[in-house]
>>> print(open('input08.txt').read())   # compact mmCIF, C-alpha atoms and all ligand atoms
# COMPACT_ATOMS: atom_id res chain seq x y z
CA MET A 29 17.03 20.07 -8.96
CA ASN A 30 20.05 18.88 -7.03
CA TYR A 31 19.86 16.03 -4.54
CA GLN A 32 23.56 15.18 -4.61
CA ASP A 33 24.69 14.46 -1.01
CA ARG A 34 21.36 15.68 0.40
CA GLN A 35 19.89 13.78 3.33
CA VAL A 36 16.32 12.72 2.68
CA LEU A 37 13.82 10.70 4.66
CA ILE A 38 11.20 8.55 2.92
CA THR A 39 8.33 7.25 5.00
CA GLY A 40 6.70 4.17 3.49
CA GLY A 41 9.84 3.65 1.42
CA LEU A 42 9.47 -0.13 1.17
CA GLY A 43 6.19 0.31 -0.69
CA PHE A 44 5.50 0.84 -4.35
CA ILE A 45 5.99 4.57 -4.93
CA GLY A 46 8.40 5.08 -2.02
CA SER A 47 10.85 2.45 -3.25
CA ASN A 48 10.87 3.85 -6.78
CA LEU A 49 11.56 7.27 -5.26
CA ALA A 50 14.36 5.84 -3.10
CA ILE A 51 16.04 4.25 -6.12
CA ARG A 52 15.83 7.48 -8.12
CA LEU A 53 17.21 9.54 -5.21
CA CYS A 54 20.14 7.14 -4.81
CA GLU A 55 20.87 7.50 -8.52
CA MET A 56 20.93 11.27 -7.96
CA GLY A 57 23.47 10.91 -5.14
CA ALA A 58 21.18 11.55 -2.16
CA GLN A 59 21.65 9.94 1.28
CA VAL A 60 18.39 8.10 1.77
CA THR A 61 16.82 6.90 5.01
CA ILE A 62 13.63 4.84 4.87
CA VAL A 63 11.16 4.50 7.72
CA ASP A 64 8.83 1.56 7.17
CA PRO A 65 7.71 -1.20 9.55
CA SER A 66 6.15 -3.28 6.74
CA ILE A 67 2.56 -2.91 7.87
CA PRO A 68 0.59 -6.10 7.05
CA GLY A 69 -1.85 -5.47 4.21
CA CYS A 70 0.16 -2.60 2.70
CA GLY A 71 2.62 -2.90 -0.18
CA ALA A 72 5.94 -3.18 1.68
CA ASN A 73 8.42 -5.55 0.03
CA LEU A 74 12.13 -5.65 0.87
CA PHE A 75 12.88 -6.77 -2.66
CA ASN A 76 11.63 -3.37 -3.86
CA ILE A 77 14.84 -1.74 -2.66
CA GLU A 78 17.14 -4.52 -3.88
CA PRO A 79 18.89 -2.23 -6.43
CA VAL A 80 19.94 0.16 -3.63
CA ARG A 81 20.36 -2.23 -0.73
CA GLY A 82 23.50 -1.15 1.09
CA GLN A 83 23.01 2.43 -0.06
CA VAL A 84 19.91 3.25 1.99
CA SER A 85 19.43 3.17 5.76
CA LEU A 86 16.29 1.34 6.81
CA ILE A 87 14.54 2.03 10.11
CA PRO A 88 11.90 -0.70 10.48
CA ALA A 89 9.64 1.40 12.70
CA SER A 90 6.37 3.26 12.41
CA ILE A 91 6.35 6.99 11.77
CA SER A 92 4.43 7.23 15.03
CA ASP A 93 7.38 5.82 17.01
CA ARG A 94 9.09 9.07 17.88
CA ASP A 95 12.00 7.49 19.75
CA ALA A 96 12.92 5.29 16.79
CA ILE A 97 12.89 8.06 14.21
CA GLU A 98 13.85 11.20 16.12
CA ALA A 99 17.48 11.20 14.97
CA ALA A 100 16.52 10.56 11.35
CA ILE A 101 14.04 13.45 11.36
CA GLY A 102 16.71 15.78 12.74
CA ASP A 103 19.18 14.76 10.04
CA CYS A 104 16.89 15.14 7.04
CA PRO A 105 15.62 18.56 6.02
CA VAL A 106 13.56 17.03 3.20
CA ILE A 107 10.95 14.40 4.01
CA PHE A 108 8.94 12.46 1.45
CA ASN A 109 5.92 11.27 3.37
CA LEU A 110 4.44 8.25 1.63
CA ALA A 111 3.50 6.09 4.60
CA GLY A 112 -0.10 5.08 4.15
CA GLU A 113 -2.73 2.54 3.25
CA ILE A 114 -4.12 2.90 -0.25
CA SER A 115 -6.94 0.38 -0.31
CA HIS A 116 -10.43 1.84 -0.36
CA LEU A 117 -11.93 -1.60 0.29
CA HIS A 118 -9.68 -2.22 3.31
CA SER A 119 -10.72 1.15 4.68
CA MET A 120 -14.38 0.20 4.46
CA ASN A 121 -13.88 -3.15 6.19
CA PHE A 122 -11.34 -1.99 8.76
CA PRO A 123 -12.02 1.73 9.25
CA GLU A 124 -10.20 2.04 12.56
CA ARG A 125 -7.12 0.43 11.04
CA ASP A 126 -7.26 2.97 8.23
CA LEU A 127 -7.70 5.78 10.76
CA GLU A 128 -4.64 4.56 12.66
CA ILE A 129 -2.46 4.26 9.55
CA ASN A 130 -3.57 7.26 7.53
CA THR A 131 -4.48 9.76 10.23
CA LEU A 132 -3.32 9.07 13.79
CA SER A 133 0.21 7.99 12.74
CA GLN A 134 0.44 11.06 10.53
CA LEU A 135 -0.63 13.35 13.37
CA ARG A 136 2.01 11.90 15.68
CA PHE A 137 4.64 12.06 12.97
CA LEU A 138 3.94 15.64 11.94
CA LEU A 139 3.90 16.86 15.53
CA ALA A 140 7.30 15.22 15.99
CA VAL A 141 8.66 16.75 12.78
CA SER A 142 7.35 20.21 13.67
CA GLN A 143 9.14 20.01 17.05
CA ILE A 144 12.38 18.31 15.99
CA ALA A 145 12.84 20.00 12.61
CA PRO A 146 10.56 23.06 12.52
CA GLY A 147 10.03 24.35 9.01
CA ALA A 148 11.11 21.07 7.35
CA ARG A 149 9.97 20.49 3.78
CA VAL A 150 7.48 17.63 3.78
CA VAL A 151 6.13 16.28 0.50
CA TYR A 152 2.97 14.32 1.26
CA ALA A 153 1.44 11.72 -1.06
CA GLY A 154 -2.22 12.74 -1.02
CA THR A 155 -4.90 11.18 -3.17
CA ARG A 156 -7.52 12.08 -5.75
CA GLN A 157 -9.90 10.02 -3.62
CA VAL A 158 -10.60 13.08 -1.43
CA TYR A 159 -12.66 14.55 -4.31
CA GLY A 160 -15.05 11.60 -4.42
CA ALA A 161 -17.32 11.39 -7.46
CA PRO A 162 -16.36 14.44 -9.52
CA ASP A 163 -18.82 17.29 -10.07
CA TYR A 164 -16.89 18.24 -13.19
CA LEU A 165 -13.96 17.08 -15.28
CA PRO A 166 -11.04 17.50 -15.37
CA VAL A 167 -10.70 17.88 -11.60
CA ASP A 168 -8.70 20.88 -10.43
CA GLU A 169 -7.64 21.88 -6.93
CA LYS A 170 -10.81 23.98 -6.40
CA HIS A 171 -13.07 20.95 -6.74
CA PRO A 172 -15.21 20.31 -3.61
CA ILE A 173 -13.88 17.71 -1.18
CA LYS A 174 -16.44 14.92 -0.74
CA PRO A 175 -14.80 11.52 -0.29
CA VAL A 176 -16.92 8.40 -0.68
CA ASP A 177 -14.92 6.12 1.60
CA PHE A 178 -13.01 6.16 4.88
CA ASN A 179 -9.70 6.16 3.08
CA GLY A 180 -10.56 9.48 1.43
CA VAL A 181 -11.76 10.97 4.72
CA HIS A 182 -8.68 9.87 6.65
CA LYS A 183 -6.25 10.94 3.92
CA TYR A 184 -7.95 14.32 3.84
CA ALA A 185 -7.52 14.76 7.58
CA ALA A 186 -3.81 14.08 7.15
CA THR A 187 -3.72 16.58 4.30
CA MET A 188 -5.20 19.18 6.61
CA TYR A 189 -2.58 18.48 9.30
CA HIS A 190 0.10 19.24 6.72
CA SER A 191 -1.49 22.52 5.65
CA MET A 192 -2.54 23.63 9.14
CA LEU A 193 0.96 23.13 10.56
CA SER A 194 2.44 24.87 7.54
CA ASP A 195 0.10 27.85 7.90
CA ALA A 196 1.26 28.05 11.52
CA GLY A 197 4.88 28.17 10.33
CA GLN A 198 5.79 24.83 11.91
CA LEU A 199 6.26 22.90 8.65
CA ASP A 200 6.81 23.70 5.01
CA ALA A 201 4.59 21.00 3.54
CA VAL A 202 3.22 20.39 0.10
CA VAL A 203 0.52 17.86 -0.76
CA LEU A 204 0.46 16.09 -4.12
CA ARG A 205 -2.95 14.59 -4.82
CA LEU A 206 -2.06 11.62 -6.95
CA THR A 207 -4.31 9.85 -9.40
CA ASN A 208 -4.00 6.05 -9.94
CA VAL A 209 -0.29 5.28 -10.16
CA TYR A 210 1.12 2.10 -11.76
CA GLY A 211 4.53 0.67 -12.54
CA PRO A 212 7.20 -1.71 -11.26
CA ARG A 213 7.09 -2.63 -7.54
CA MET A 214 3.33 -2.46 -6.98
CA ALA A 215 2.19 -5.11 -4.54
CA LEU A 216 0.50 -7.87 -6.52
CA ASP A 217 -0.03 -10.20 -3.58
CA VAL A 218 -2.33 -7.81 -1.71
CA PRO A 219 -5.89 -7.97 -3.01
CA CYS A 220 -7.93 -4.74 -3.04
CA GLN A 221 -5.06 -2.42 -3.97
CA GLY A 222 -6.91 -0.99 -6.94
CA PHE A 223 -7.86 -2.06 -10.42
CA LEU A 224 -4.41 -1.63 -11.99
CA ALA A 225 -2.78 -4.10 -9.58
CA THR A 226 -5.66 -6.51 -10.17
CA TYR A 227 -5.29 -6.21 -13.94
CA LEU A 228 -1.54 -6.83 -13.67
CA ARG A 229 -1.95 -9.85 -11.39
CA LYS A 230 -4.39 -11.44 -13.82
CA LEU A 231 -2.51 -10.59 -17.00
CA LEU A 232 0.80 -11.83 -15.63
CA THR A 233 -0.82 -15.16 -14.85
CA GLY A 234 -2.41 -15.37 -18.30
CA ARG A 235 -6.00 -14.67 -17.27
CA GLN A 236 -8.66 -12.74 -19.13
CA LEU A 237 -9.70 -9.44 -17.54
CA GLU A 238 -13.23 -8.65 -16.42
CA ILE A 239 -14.58 -5.15 -16.80
CA PHE A 240 -17.26 -4.12 -14.36
CA GLY A 241 -20.18 -2.35 -16.04
CA ASP A 242 -19.78 -0.83 -19.48
CA GLY A 243 -16.12 0.12 -18.98
CA ARG A 244 -16.71 3.69 -20.10
CA GLN A 245 -15.53 5.26 -16.82
CA LEU A 246 -12.45 7.38 -17.41
CA ARG A 247 -9.18 7.30 -15.46
CA ASP A 248 -5.81 8.92 -16.09
CA PRO A 249 -3.26 6.33 -14.95
CA MET A 250 0.17 7.80 -14.19
CA TYR A 251 3.43 5.91 -14.56
CA VAL A 252 5.39 5.81 -11.33
CA ASP A 253 8.44 7.62 -12.76
CA ASP A 254 6.21 10.63 -13.46
CA ALA A 255 4.88 10.59 -9.88
CA VAL A 256 8.45 10.37 -8.59
CA GLN A 257 9.48 13.32 -10.74
CA ALA A 258 6.64 15.43 -9.33
CA MET A 259 7.74 14.57 -5.79
CA LEU A 260 11.37 15.42 -6.51
CA LEU A 261 10.39 18.81 -7.92
CA ALA A 262 8.18 19.53 -4.91
CA GLY A 263 10.96 18.52 -2.52
CA ALA A 264 13.54 20.75 -4.20
CA ALA A 265 11.39 23.84 -4.88
CA GLY A 266 12.44 27.03 -3.08
CA THR A 267 9.45 29.02 -1.85
CA LEU A 268 6.34 27.01 -2.58
CA PRO A 269 3.79 28.86 -4.72
CA SER A 270 0.97 26.57 -3.46
CA ARG A 271 0.41 23.97 -0.78
CA SER A 272 -1.47 21.42 -2.88
CA TYR A 273 -1.28 20.12 -6.42
CA ASN A 274 -3.30 17.65 -8.42
CA VAL A 275 -1.01 15.22 -10.21
CA GLY A 276 -2.38 13.01 -12.96
CA GLY A 277 -1.59 10.98 -16.03
CA PRO A 278 -1.08 12.15 -19.60
CA GLU A 279 -4.61 11.49 -20.89
CA PRO A 280 -8.02 10.19 -19.87
CA LEU A 281 -8.63 6.60 -20.94
CA SER A 282 -11.69 4.44 -20.49
CA LEU A 283 -11.35 1.39 -18.26
CA ALA A 284 -12.26 -0.68 -21.33
CA SER A 285 -9.37 0.76 -23.32
CA ILE A 286 -6.92 0.39 -20.41
CA ALA A 287 -7.94 -3.27 -20.09
CA SER A 288 -7.77 -3.86 -23.85
CA THR A 289 -4.33 -2.29 -24.19
CA GLY A 290 -3.04 -4.23 -21.19
CA SER A 291 -4.43 -7.51 -22.52
CA HIS A 292 -2.94 -6.91 -25.93
CA LEU A 293 0.50 -6.09 -24.50
CA ALA A 294 0.40 -9.17 -22.26
CA GLY A 295 -0.80 -11.44 -25.08
CA VAL A 296 -4.00 -12.34 -23.24
CA ALA A 297 -7.53 -12.64 -24.75
CA PRO A 298 -9.48 -9.35 -24.88
CA PRO A 299 -11.40 -8.44 -21.70
CA ARG A 300 -14.99 -9.44 -21.12
CA PHE A 301 -17.72 -7.31 -19.56
CA CYS A 302 -19.58 -8.33 -16.43
CA GLU A 303 -21.98 -6.87 -13.90
CA PHE A 304 -20.65 -4.36 -11.38
CA PRO A 305 -20.38 -6.13 -7.98
CA ASP A 306 -22.34 -4.29 -5.30
CA ASP A 307 -19.36 -3.76 -2.99
CA ARG A 308 -17.36 -2.03 -5.72
CA LYS A 309 -20.29 -0.04 -7.05
CA ARG A 310 -20.86 1.52 -3.63
CA ILE A 311 -17.46 3.21 -3.67
CA ASP A 312 -17.09 3.69 -7.40
CA ILE A 313 -16.61 7.33 -8.33
CA GLY A 314 -17.55 7.15 -12.02
CA SER A 315 -15.10 9.00 -14.25
CA TYR A 316 -12.10 10.89 -12.99
CA TYR A 317 -9.21 12.66 -14.63
CA THR A 318 -6.90 15.35 -13.45
CA ASP A 319 -6.42 18.97 -14.35
CA CYS A 320 -2.63 19.30 -13.99
CA THR A 321 -2.50 22.99 -14.92
CA ARG A 322 -1.26 24.19 -11.52
CA ILE A 323 1.69 21.82 -11.23
CA ARG A 324 2.59 22.36 -14.87
CA GLU A 325 2.60 26.15 -14.50
CA GLU A 326 4.29 26.31 -11.08
CA PHE A 327 6.80 23.41 -11.29
CA GLY A 328 7.03 22.84 -15.04
CA TRP A 329 5.93 19.22 -14.46
CA VAL A 330 4.09 17.23 -17.10
CA PRO A 331 3.41 13.48 -17.17
CA GLU A 332 5.67 12.12 -19.88
CA THR A 333 4.94 8.40 -20.05
CA LYS A 334 2.19 7.20 -22.35
CA PHE A 335 0.12 4.37 -20.95
CA GLU A 336 1.24 1.82 -23.58
CA ASP A 337 4.91 2.51 -22.85
CA GLY A 338 4.57 2.52 -19.08
CA PHE A 339 2.47 -0.63 -19.04
CA GLU A 340 4.92 -2.45 -21.31
CA ARG A 341 7.80 -1.54 -18.97
CA THR A 342 5.74 -2.65 -16.00
CA LEU A 343 4.94 -6.04 -17.55
CA ALA A 344 8.62 -6.52 -18.41
CA TYR A 345 9.67 -5.81 -14.83
CA TYR A 346 7.26 -8.36 -13.39
CA GLN A 347 7.99 -10.96 -16.03
CA SER A 348 11.59 -10.95 -14.72
CA ASN A 349 10.68 -10.82 -11.02
CA LEU A 350 7.21 -12.32 -10.70
CA SER A 351 7.99 -14.80 -7.91
CA ARG A 352 9.07 -11.85 -5.72
CA TYR A 353 5.58 -10.36 -5.98
CA LEU A 354 3.17 -13.25 -6.29
CA ASP A 355 2.96 -16.79 -4.96
CA LEU A 356 2.34 -18.51 -8.27
CA ALA A 357 0.63 -21.39 -6.47
CA GLN A 358 -1.90 -18.83 -5.24
CA PRO A 359 -2.62 -16.38 -8.08
CA ASN A 360 -5.77 -15.18 -6.23
CA PRO A 361 -4.22 -14.14 -2.92
CA PRO A 362 -6.61 -14.08 0.04
CA CYS A 363 -7.01 -10.94 2.15
CA LYS A 364 -4.55 -11.54 4.97
CA LEU A 365 -5.93 -8.65 6.98
CA ALA A 366 -8.75 -10.71 8.41
CA GLN A 367 -6.07 -12.67 10.30
CA HIS A 368 -4.81 -9.47 11.91
CA TYR A 369 -7.96 -7.43 12.45
CA SER A 370 -11.57 -8.31 12.94
CA ALA A 371 -14.21 -6.21 11.20
CA GLN A 372 -14.49 -3.05 13.23
CA ALA A 373 -16.94 -0.33 13.96
CA ALA A 374 -18.12 0.42 10.43
CA PRO A 375 -21.90 0.47 10.17
CA LYS A 376 -23.03 -2.78 8.56
CA SER A 377 -24.15 -0.96 5.42
CA HIS A 378 -20.57 0.22 4.90
CA ARG A 379 -18.89 -3.12 5.21
CA VAL A 380 -17.73 -4.86 2.11
CA PRO A 381 -18.38 -8.61 1.89
CA ALA A 382 -15.17 -10.68 2.05
N1 LIG B 401 -0.54 3.90 -5.58
C1 LIG B 401 -1.42 4.83 -5.91
O1 LIG B 401 -2.07 4.71 -6.97
C2 LIG B 401 -1.65 6.03 -5.04
C3 LIG B 401 -2.60 6.97 -5.46
C4 LIG B 401 -2.84 8.08 -4.65
C5 LIG B 401 -2.13 8.24 -3.47
N2 LIG B 401 -1.21 7.30 -3.10
C6 LIG B 401 -0.52 7.50 -1.82
O2 LIG B 401 0.87 7.28 -1.98
C7 LIG B 401 1.40 6.68 -0.80
C8 LIG B 401 2.20 5.46 -1.18
O3 LIG B 401 1.34 4.56 -1.87
P1 LIG B 401 1.89 3.17 -2.44
O4 LIG B 401 1.07 2.85 -3.63
O5 LIG B 401 3.36 3.20 -2.55
O6 LIG B 401 1.43 2.20 -1.26
P2 LIG B 401 2.15 0.92 -0.66
O7 LIG B 401 1.13 0.19 0.13
O8 LIG B 401 2.87 0.17 -1.72
O9 LIG B 401 3.23 1.55 0.32
C9 LIG B 401 2.88 2.20 1.51
C10 LIG B 401 3.97 1.89 2.52
O10 LIG B 401 3.70 2.66 3.71
C11 LIG B 401 4.13 1.86 4.79
N3 LIG B 401 3.49 2.35 6.01
C12 LIG B 401 2.19 2.30 6.37
N4 LIG B 401 2.03 2.83 7.60
C13 LIG B 401 3.26 3.22 8.02
C14 LIG B 401 3.75 3.84 9.20
N5 LIG B 401 2.94 4.11 10.24
N6 LIG B 401 5.05 4.15 9.29
C15 LIG B 401 5.89 3.91 8.25
N7 LIG B 401 5.49 3.29 7.11
C16 LIG B 401 4.19 2.95 7.00
C17 LIG B 401 3.70 0.45 4.42
O11 LIG B 401 4.37 -0.54 5.19
C18 LIG B 401 4.04 0.42 2.95
O12 LIG B 401 5.34 -0.07 2.71
C19 LIG B 401 0.22 6.37 0.12
O13 LIG B 401 0.16 7.34 1.14
C20 LIG B 401 -0.98 6.48 -0.79
O14 LIG B 401 -2.14 6.93 -0.12
C21 LIG B 401 -0.97 6.19 -3.85
>>> encode(input="input08.txt", output="structure tokens", more="lines below")
Ligand SMILES: NC(=O)c1ccc[n+]([C@@H]2O[C@H](COP(=O)([O-])OP(=O)(O)OC[C@H]3O[C@@H](n4cnc5c(N)ncnc54)[C@H](O)[C@@H]3O)[C@@H](O)[C@H]2O)c1
Amino acid sequence: MNYQDRQVLITGGLGFIGSNLAIRLCEMGAQVTIVDPSIPGCGANLFNIEPVRGQVSLIPASISDRDAIEAAIGDCPVIFNLAGEISHLHSMNFPERDLEINTLSQLRFLLAVSQIAPGARVVYAGTRQVYGAPDYLPVDEKHPIKPVDFNGVHKYAATMYHSMLSDAGQLDAVVLRLTNVYGPRMALDVPCQGFLATYLRKLLTGRQLEIFGDGRQLRDPMYVDDAVQAMLLAGAAGTLPSRSYNVGGPEPLSLASIASTGSHLAGVAPPRFCEFPDDRKRIDIGSYYTDCTRIREEFGWVPETKFEDGFERTLAYYQSNLSRYLDLAQPNPPCKLAQHYSAQAAPKSHRVPA
């Protein structure tokens, strides 16, 4: 896998996973261009790329702004497409916003790529959320698609654009359906970005965790370096054996054990159990963990970082840089989206109380 002197484009590169990818690619000698307009409510943070500032080119534009990114697309035969909104709750409260970010922008972007750089390799950050509440575990790529929220629906549409254009010979795209990813550079100041960010925000400010329900639901959290490695392999592969891969963590863990391990590592009192709030219950998917057989067999990828190790590294990163990620005077950050968007066309029953 050689990225030395290769030109690569990262969409969403100011966010959590994209910035970790950018740093790794710079270490490998790649010429990195980031396209990211810092969409309010997503995880963009300029500090994320501090270690490589001066080494990466930043285009502060949307992927849907063809004029702004045309030259960059033409220069970069490998594109890591991470632009997106990850919050399931945001998608339920602001479904048209989610549609715009996760679907319409992607359509515009992929049409531009297919015209400017036909056949370009595009590695897309898909999500396990498209599978909804699993029919069986572990979840492989043949599992039915039945998302339970707008985010899953919109991400799936974007997934289909990638595969449709690839089947038509206009792109050479591969979709990695990621499980819950954690690690340095997650946004802590954006509420509703998933339980791992919430756990981190609380633990780093010395607060006891709350577990909704009995905590027996399973997840397979994946350390960000493992997600980055999967993306690098997909970007560098010659002929792609498959167009989509499930990418998960090293082992299934219950939410209770994730919370207990995190609390122990952070030196905070053990978690307490509480009732599942209605808004979360509606989009909860029960247990999920990934069958990584395909990506292991076809790319030789396995998740290497145990949860304890990854979480310890993550805590250490934030303990050194916390003020860059959280306003300590406001450890429960409000949802800033309401200032930018009013609740949109979601049926009332789908809206999540503020
Ligand atoms: N973090 C996870 O656990 C996880 C799990 C599954 C899938 N994913 C996918 O991985 C990708 C990256 O997730 P993340 O956790 O780094 O999120 P993030 O919110 O930290 O970063 C996303 C970035 O995309 C940017 N962005 C949004 N719309 C854009 C546009 N139109 N043009 C350019 N940039 C745009 C945002 O400004 C932000 O910096 C997302 O597509 C997400 O759906 C993440």
>>> residues_around(input="input08.txt", residues="region 55-64 of chain A", least_positions_apart="4", cutoff="8 Å", atoms="all atoms listed in the file", output="MDAnalysis selection string")
chainID A and resid 30:42 50:51 72 83:91 97 100 111
>>> atom_distance(input="input08.txt", atom1="CA of Pro175 (chain A)", atom2="CA of Tyr159 (chain A)")
5.5 Å
>>> residues_near_ligand(input="input08.txt", ligand="ligand LIG 401 (chain B)", cutoff="7 Å", atoms="all atoms listed in the file", output="tab-separated table (two decimals) with C-alpha atoms, keeping the file's coordinate frame")
chain	number	residue	atom	x	y	z
A	39	THR	CA	8.33	7.25	5.00
A	40	GLY	CA	6.70	4.17	3.49
A	41	GLY	CA	9.84	3.65	1.42
A	42	LEU	CA	9.47	-0.13	1.17
A	43	GLY	CA	6.19	0.31	-0.69
A	44	PHE	CA	5.50	0.84	-4.35
A	45	ILE	CA	5.99	4.57	-4.93
A	46	GLY	CA	8.40	5.08	-2.02
A	63	VAL	CA	11.16	4.50	7.72
A	64	ASP	CA	8.83	1.56	7.17
A	65	PRO	CA	7.71	-1.20	9.55
A	66	SER	CA	6.15	-3.28	6.74
A	67	ILE	CA	2.56	-2.91	7.87
A	68	PRO	CA	0.59	-6.10	7.05
A	70	CYS	CA	0.16	-2.60	2.70
A	71	GLY	CA	2.62	-2.90	-0.18
A	72	ALA	CA	5.94	-3.18	1.68
A	73	ASN	CA	8.42	-5.55	0.03
A	89	ALA	CA	9.64	1.40	12.70
A	90	SER	CA	6.37	3.26	12.41
A	91	ILE	CA	6.35	6.99	11.77
A	92	SER	CA	4.43	7.23	15.03
A	110	LEU	CA	4.44	8.25	1.63
A	111	ALA	CA	3.50	6.09	4.60
A	112	GLY	CA	-0.10	5.08	4.15
A	113	GLU	CA	-2.73	2.54	3.25
A	114	ILE	CA	-4.12	2.90	-0.25
A	129	ILE	CA	-2.46	4.26	9.55
A	133	SER	CA	0.21	7.99	12.74
A	153	ALA	CA	1.44	11.72	-1.06
A	154	GLY	CA	-2.22	12.74	-1.02
A	155	THR	CA	-4.90	11.18	-3.17
A	156	ARG	CA	-7.52	12.08	-5.75
A	205	ARG	CA	-2.95	14.59	-4.82
A	206	LEU	CA	-2.06	11.62	-6.95
A	207	THR	CA	-4.31	9.85	-9.40
A	208	ASN	CA	-4.00	6.05	-9.94
A	209	VAL	CA	-0.29	5.28	-10.16
A	210	TYR	CA	1.12	2.10	-11.76
A	214	MET	CA	3.33	-2.46	-6.98
A	215	ALA	CA	2.19	-5.11	-4.54
>>> axis_aligned_box(input="input08.txt", around="region 296-304 of chain A", padding_each_side="6 Å", output="lines of an AutoDock Vina configuration file")
center_x = -13.0
center_y = -8.5
center_z = -18.1
size_x = 30.0
size_y = 20.3
size_z = 25.5
>>> atom_distance(input="input08.txt", atom1="CA of Ile311 (chain A)", atom2="CA of Ser119 (chain A)")
10.9 Å
>>> residues_around(input="input08.txt", residues="Leu49 (chain A)", least_positions_apart="4", cutoff="9 Å", atoms="all atoms listed in the file", output="VMD selection string")
chain A and resid 38 41 44 to 45 53 to 54 108 252 to 253 255 to 257 259 to 260
>>> atom_distance(input="input08.txt", atom1="CA of Pro249 (chain A)", atom2="CA of Glu336 (chain A)")
10.7 Å
>>> closest_residue(input="input08.txt", among="A:Asn349, A:Asn179, A:Gln134, A:Thr318", to="Asn121 (chain A)", atoms="all atoms listed in the file")
A:Asn179
>>> residues_around(input="input08.txt", residues="Glu332 (chain A)", least_positions_apart="2", cutoff="10 Å", atoms="all atoms listed in the file", output="mmCIF file with C-alpha atoms, in the frame of the given file")
data_model
loop_
_atom_site.group_PDB
_atom_site.id
_atom_site.type_symbol
_atom_site.label_atom_id
_atom_site.label_comp_id
_atom_site.auth_asym_id
_atom_site.auth_seq_id
_atom_site.Cartn_x
_atom_site.Cartn_y
_atom_site.Cartn_z
ATOM 1 C CA MET A 250 0.170 7.800 -14.190
ATOM 2 C CA TYR A 251 3.430 5.910 -14.560
ATOM 3 C CA ASP A 253 8.440 7.620 -12.760
ATOM 4 C CA ASP A 254 6.210 10.630 -13.460
ATOM 5 C CA GLN A 257 9.480 13.320 -10.740
ATOM 6 C CA GLY A 277 -1.590 10.980 -16.030
ATOM 7 C CA PRO A 278 -1.080 12.150 -19.600
ATOM 8 C CA TRP A 329 5.930 19.220 -14.460
ATOM 9 C CA VAL A 330 4.090 17.230 -17.100
ATOM 10 C CA LYS A 334 2.190 7.200 -22.350
ATOM 11 C CA PHE A 335 0.120 4.370 -20.950
ATOM 12 C CA GLY A 338 4.570 2.520 -19.080
#
>>> closest_residue(input="input08.txt", among="A:Arg125, A:Leu283, A:Gly266, A:Asn109", to="Ala366 (chain A)", atoms="all atoms listed in the file")
A:Arg125
>>> closest_residue(input="input08.txt", among="A:Pro361, A:Gly276, A:Pro123, A:Gly147", to="Glu169 (chain A)", atoms="only C-alpha atoms")
A:Gly276
>>> closest_residue(input="input08.txt", among="A:Pro79, A:Pro280, A:Gly211, A:Pro162", to="Ala344 (chain A)", atoms="only C-alpha atoms")
A:Gly211
>>> residues_around(input="input08.txt", residues="Ser191 (chain A)", least_positions_apart="3", cutoff="8 Å", atoms="only C-alpha atoms", output="short mmCIF file (atom, residue, chain, number, x, y, z; two decimals) with C-alpha atoms, in the coordinates of the input")
data_model
loop_
_atom_site.label_atom_id
_atom_site.label_comp_id
_atom_site.auth_asym_id
_atom_site.auth_seq_id
_atom_site.Cartn_x
_atom_site.Cartn_y
_atom_site.Cartn_z
CA THR A 187 -3.72 16.58 4.30
CA MET A 188 -5.20 19.18 6.61
CA SER A 194 2.44 24.87 7.54
CA ASP A 195 0.10 27.85 7.90
CA ALA A 201 4.59 21.00 3.54
CA VAL A 202 3.22 20.39 0.10
CA ARG A 271 0.41 23.97 -0.78
#
>>> closest_residue(input="input08.txt", among="A:Glu326, A:Asp200, A:Glu78, A:Glu124", to="Ser142 (chain A)", atoms="only C-alpha atoms")
A:Asp200
>>> closest_residue(input="input08.txt", among="A:Leu74, A:Ala148, A:Asp163, A:Gln347", to="His190 (chain A)", atoms="only C-alpha atoms")
A:Ala148
>>> residues_around(input="input08.txt", residues="Phe327 (chain A)", least_positions_apart="6", cutoff="12 Å", atoms="all atoms listed in the file", output="MDAnalysis selection string")
chainID A and resid 29 257:270 272:275 320:321
